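Asker: Handing you a structure now.
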Amino acid sequence: MQQHTIKITASNQPTTLEQLLRVVRYRGFKVDRVSMNVLTPEQMVDIQVNVQSKRPISLLKNQLLKLVDIDAVNIQEINILQAQVEA
Amino acid sequence: MNGAQMTLDVLERHGVDCVFGYPGGAIMPIYDALYDSKVKHYLCRQEQGAAFAALGYAKASGKVGVCMATSGPGVTNLITGLADATADSVPVVAITGQVPSILMGTDAFQEIDVLGLSLSVTKYAFQVSHADELESTLHRAFEIATSGRPGAVIVDIPKDIQVGQVNPRPVLVDTAPEYLASQEAIEDANRLLLSSQKPILYVGGGVSLGNAVDELREFARRSKIPTVSTLKGLGSVEKDSPDYLGMMGMHGTKTANLAVQACDLLIAVGARFDDRVTGKLAEFAPHAKVLHLDIDPSEVSKLRVANVALLGELKNSLPQLASPESIENWRQHCLSMKQDYGFKYLLNDDNQTGFIDAPSLLNQLSYQLPANSVITTDVGQHQMWVAQHMQFDQPRDFLTSGALGTMGYGLPAAIGAQLSRPDNSVVAVTGDGSFMMNIQELGTIKRFHLPVKILLIDNTKLGMVRQWQSLFFDKRFSETDLSDNPDFIKLASSFDIDGETITQPQEVSAALERMIQSESAYLLHVKINEDQNVWPLVPPNTANQAMLEG
Ligand SMILES: Cc1ncc(C[n+]2csc(CCOP(=O)(O)OP(=O)(O)O)c2C)c(N)n1
C-alpha cells in the first residue's frame with residue numbers, strides 16, 4: 001500500500017470536489033484526509049487529498065488531469081514515519 | 001428574449017438544425033419556444049430513444065447530436081444514452097429541464113439531483129444557476145463535448161431560468177489549442193519503427209474521432225504494415241487493402257489475433273487495450289514493444305505500458321511516422337495466414353442445411369448495398385456477425401454501441417443516422433431481444449416517414465448470452481428463451497411498415513434486394529437456427545491465440 005499526497009488546483013465549481021472524490025474512489029484509491037481552500041478571488045480552489053492504494057499513482061494523476069475543472073495536479077509520496085508523526 | 005428562446009438561439013448558432021427529445025413539465029418553456037423555432041424537433045417515444053437518435057446523428061455525420069428531456073424520469077431515461085455517448089466518445093449535448101430554483105433541493109415533484117446522477121457518465125455536467133450564465137454555459141457545453149476526446153455534456157436548466165428574461169451578448173468561444181506530439185517523441189517512435197521486423201498497426205475508434213482516417217490510410221499504404229482493427233475502428237482501414245487482417249479480439253479473425261500475438265511492435269492508434277480486445281492482458285502480444293498514439297494521456301500505459309507514446313492529434317502524428325524497412329517476410333507471412341484462415345461463406349444455393357447462414361447473409365448484404373450506406377447494430381451475436389462479415393467504406397458508416405454494449409441502440413441510432421444522411425441507405429441490423437428494447441421508436445419512423453430498413457435476425461433467443469451458457473455454464477439455458485416473441489411483421493405493419501419473413505437460404509438475395517429497393521421503411525425478418533453461434537471466440541481471460549473455432 002503506497003500513500004501519497006495530491007495537491008490540486010482547480011476551478012471553483014459546484015461539482016469540483018464531488019467529482020474529484022468520485023474519481024479517486026472509482027480508480028481504486030482510498031482517501032485518508034481531504035482539505036480544500038477557496039482562493040480569492042473565488043474562482044479557484046486548492047485541494048489537498050491524502051490517498052492510499054496498491055495501484056500506481058500516475059494512473060490517478062492522468063485521470064484527474066482529464067477533469068475539465070482541474071488545472072494542475074502535483075503528487076508527493078508520503079514518508080510513512082512522517083505521516084504517523086503528523087497524525 | 002427569454003432563456004428558452006436563447007437556448008434555441010445558441011443551438012442554431014452552433015449549426016444545430018435538429019434535436020431529439022420528449023417534453024414534460026420542467027422543460028415546457030423550451031418546448032414552447034420550439035413551436036416557432038427554426039430548429040426542428042423530432043419527438044421520439046422514450047427519452048432513451050431520443051438520446052440514441054442524437055448519438056446516431058452525431059456518429060453518422062461528425063456533428064454534435066442534441067437531445068432534450070424533462071426533469072426527473074426524463075433525465076433518468078436519457079442517462080443510458082449519455083453514458084453510451086461518453087463511453088464511445090461521441091459528442092452529444094443534452095438539455096434538461098429542472099424544477100424551479102426555489103424548489104431545488106426540496107425533493108419536489110419530478111426533481112432529481114441531475115449533477116449527482118450524471119457526473120460519472122458524462123464528460124461534464126452543468127446546472128445553470130443564474131440567467132446571465134445561460135448563454136456562456138451553452139457555448140461551453142458545445143466546446144467541451146467536441147474538444148479533445150469528445151463525450152456527452154448535460155446542461156440542466158431550472159424552469160425559472162427558461163422563462164426569465166436574458167440579454168444575448170456576443171460570446172467569445174475559445175477554440176482549444178491544437179495538441180501536438182513533441183519532436184523528441186516522434187524521433188523515439190521512429191527509432192522503434194525502424195528497428196521493427198514484425199510490426200502491427202492496431203487501429204481503434206480514435207482514428208475516426210480525430211478525423212485522421214486519410215492520414216491513417218496514407219501511412220498504412222506507404223508502410224505496408226499489416227493492420228488490424230478494433231470494433232470501433234471498423235471502416236477506418238481501407239477495406240480492400242491486402243494488408244488488412246480484419247478485426248482483432250474476442251471475436252476477431254484468426255489471422256488478426258495470431259498476427260498480434262506474434263508481432264514485435266504494436267502501433268496502437270486511437271485504441272485503448274480494452275479487455276474485449278486483449279483477452280488475458282498478461283499474455284497479450286507478449287513479444288511486442290508498444291508505440292501508442294492517442295489524444296488522451298490517461299489511456300497511455302493505463303493497461304499496457306507503452307515504450308513510446310505520441311500524445312496529440314493523430315492527424316498530425318501519423319504523417320511523421322517512418323516506414324519500417326525490412327518487413328517483407330512478415331508481411332508475406334500475414335498474407336498467407338489471411339489466405340488460409342479467411343472466412344468461408346455458404347452461398348444461397350450451395351447451402352443445403354435448411355437454415356439461413358447469418359454470416360453469409362450479412363456478407364452478401366455488404367455487397368448488395370449501395371456505397372456509403374450506414375449500418376447500425378444492436379448488441380449480441382448479430383452485432384459480432386456484422387463486425388466480422390460486413391465491410392465499410394468509412395467509420396461513419398458503421399454505428400454500434402462498442403464500449404457500453406447497450407441493447408436497444410440500433411433502431412433509434414438508425415433514426416438519427418437517416419436524418420443526418422437522408423441520401424444514404426440506413427439499415428439497422430438487430431436481434432429479436434434487442435429490437436424489443438426500443439421498439440417504441442417504430443412510432444418515430446412512422447411519424448417522420450423515415451426509410452429506415454430493419455434487418456431482424458431472429459433466433460428466438462438472447463443468442464449471445466445463450467452462447468455463453470452453452471460454452472461456459474453447462475448448457476443451463478437460464479432465461480434466454482424468447483420463443484413467445486410477438487409477430488414482428490404484424491407489429492411493424494401496425495406502424496405502417498412493410499416487411500416479410502424469410503427462413504430459407506434460397507430466399508436471401510431477392511429479399512435483401514426488395515429491402516434495399518424499398519422507398520419506405522422495411523422490416524426483413526430473417527429466421528435462423530437457434531444453435532448458430534459466433535466463431536471464433538476467445539474465452540474470457542484467455543490469451544488470444546487460444547480461440548475456439550466452433
Ligand atoms: C441493456 C442491455 N441489457 C443486457 C445486455 C446483455 N446482453 C448482451 S447480448 C444479449 C442478448 C442479445 O440478444 P439479441 O438482441 O436477440 O441478439 P443475438 O445475440 O441473439 O443476436 C444480452 C441480454 C446488454 N448488452 N444490454
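A note on labels: chains of the C-alpha cells are A, B, ... as shown, every chain counts residues from 1, and ligands are counted from 1 in their shown order.
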Neighbouring residues of ligand 1 are defined here as those with any atom at most 8 Å from a ligand atom, counting only C-alpha atoms and all ligand atoms; list them as a PDB file with C-alpha atoms, in the first residue's frame.
Answerer:
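Result file follows (selection.pdb):
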ATOM      1  CA  ASP B 378     -27.746  -3.744 -31.557  1.00  0.00           C
ATOM      2  CA  VAL B 379     -25.769  -5.927 -29.179  1.00  0.00           C
ATOM      3  CA  GLY B 380     -25.239  -9.659 -29.346  1.00  0.00           C
ATOM      4  CA  GLN B 381     -24.351 -12.299 -31.899  1.00  0.00           C
ATOM      5  CA  HIS B 382     -25.786 -10.313 -34.813  1.00  0.00           C
ATOM      6  CA  GLN B 383     -23.524  -7.401 -33.856  1.00  0.00           C
ATOM      7  CA  LEU B 404     -21.059   0.041 -23.189  1.00  0.00           C
ATOM      8  CA  GLY B 405     -22.656  -2.633 -25.367  1.00  0.00           C
ATOM      9  CA  THR B 406     -26.187  -1.305 -24.933  1.00  0.00           C
ATOM     10  CA  MET B 407     -29.042  -3.364 -26.370  1.00  0.00           C
ATOM     11  CA  GLY B 408     -31.674  -1.029 -27.800  1.00  0.00           C
ATOM     12  CA  THR B 430     -30.891  -6.162 -34.859  1.00  0.00           C
ATOM     13  CA  GLY B 431     -31.687  -9.242 -32.802  1.00  0.00           C
ATOM     14  CA  ASP B 432     -35.077 -10.309 -31.514  1.00  0.00           C
ATOM     15  CA  GLY B 433     -34.039  -9.427 -27.951  1.00  0.00           C
ATOM     16  CA  SER B 434     -32.536  -6.011 -28.682  1.00  0.00           C
ATOM     17  CA  PHE B 435     -35.263  -4.941 -31.123  1.00  0.00           C
ATOM     18  CA  MET B 437     -35.751  -2.755 -26.096  1.00  0.00           C
ATOM     19  CA  ILE B 457     -32.007 -11.703 -37.230  1.00  0.00           C
ATOM     20  CA  ASP B 458     -34.347 -13.830 -35.195  1.00  0.00           C
ATOM     21  CA  ASN B 459     -33.043 -16.864 -33.325  1.00  0.00           C
ATOM     22  CA  THR B 460     -35.891 -16.690 -30.757  1.00  0.00           C
ATOM     23  CA  LYS B 461     -33.189 -16.404 -28.111  1.00  0.00           C
ATOM     24  CA  LEU B 462     -30.975 -13.921 -26.308  1.00  0.00           C
ATOM     25  CA  GLY B 463     -28.379 -15.501 -28.539  1.00  0.00           C
ATOM     26  CA  MET B 464     -25.099 -14.177 -27.200  1.00  0.00           C
ATOM     27  CA  VAL B 465     -25.974 -14.938 -23.595  1.00  0.00           C
ATOM     28  CA  ARG B 466     -27.188 -18.372 -24.645  1.00  0.00           C
ATOM     29  CA  THR B 480     -32.647 -16.737 -22.567  1.00  0.00           C
TER      30      THR B 480
END
Asker: Kindly provide, as number ranges by chain, the residues of chain A having any atom no farther than 9 Å from an atom of chain B, counting only C-alpha atoms.
Answerer: A: 14-15, 18-19, 22-23, 59-68
Asker: Write out as a ChimeraX atom specification the residues lying within 12 Å of Leu17 in chain A, counting only C-alpha atoms and excluding same-chain residues fewer than 2 positions away.
Answerer: /A:8-15,19-24,34-38,44-49,64,67,69-70 /B:116,119
Asker: Write out as an NGL selection string all residues of range 400-508 of chain B that DSSP puts in strand (DSSP E or B) for this structure's backbone.
Answerer: :B and (426-431 or 453-458 or 461 or 481 or 498-502)
Asker: Take the residues from that selection and write them out as a tab-separated table (two decimals), in the first residue's frame, keeping C-alpha atoms.
Answerer:
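Once written, out_27.tsv looks like this:
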chain	number	residue	atom	x	y	z
B	426	VAL	CA	-29.58	3.14	-43.44
B	427	VAL	CA	-30.03	-0.42	-42.20
B	428	ALA	CA	-30.49	-1.35	-38.54
B	429	VAL	CA	-29.30	-4.93	-38.05
B	430	THR	CA	-30.89	-6.16	-34.86
B	431	GLY	CA	-31.69	-9.24	-32.80
B	453	LYS	CA	-34.50	-0.57	-43.12
B	454	ILE	CA	-34.60	-3.12	-40.33
B	455	LEU	CA	-32.88	-6.46	-40.72
B	456	LEU	CA	-34.04	-8.57	-37.80
B	457	ILE	CA	-32.01	-11.70	-37.23
B	458	ASP	CA	-34.35	-13.83	-35.19
B	461	LYS	CA	-33.19	-16.40	-28.11
B	481	ASP	CA	-35.66	-18.14	-24.40
B	498	ASP	CA	-43.97	-3.25	-44.75
B	499	GLY	CA	-41.97	-6.37	-44.39
B	500	GLU	CA	-41.55	-10.07	-44.96
B	501	THR	CA	-40.22	-13.14	-43.19
B	502	ILE	CA	-37.69	-15.49	-44.76
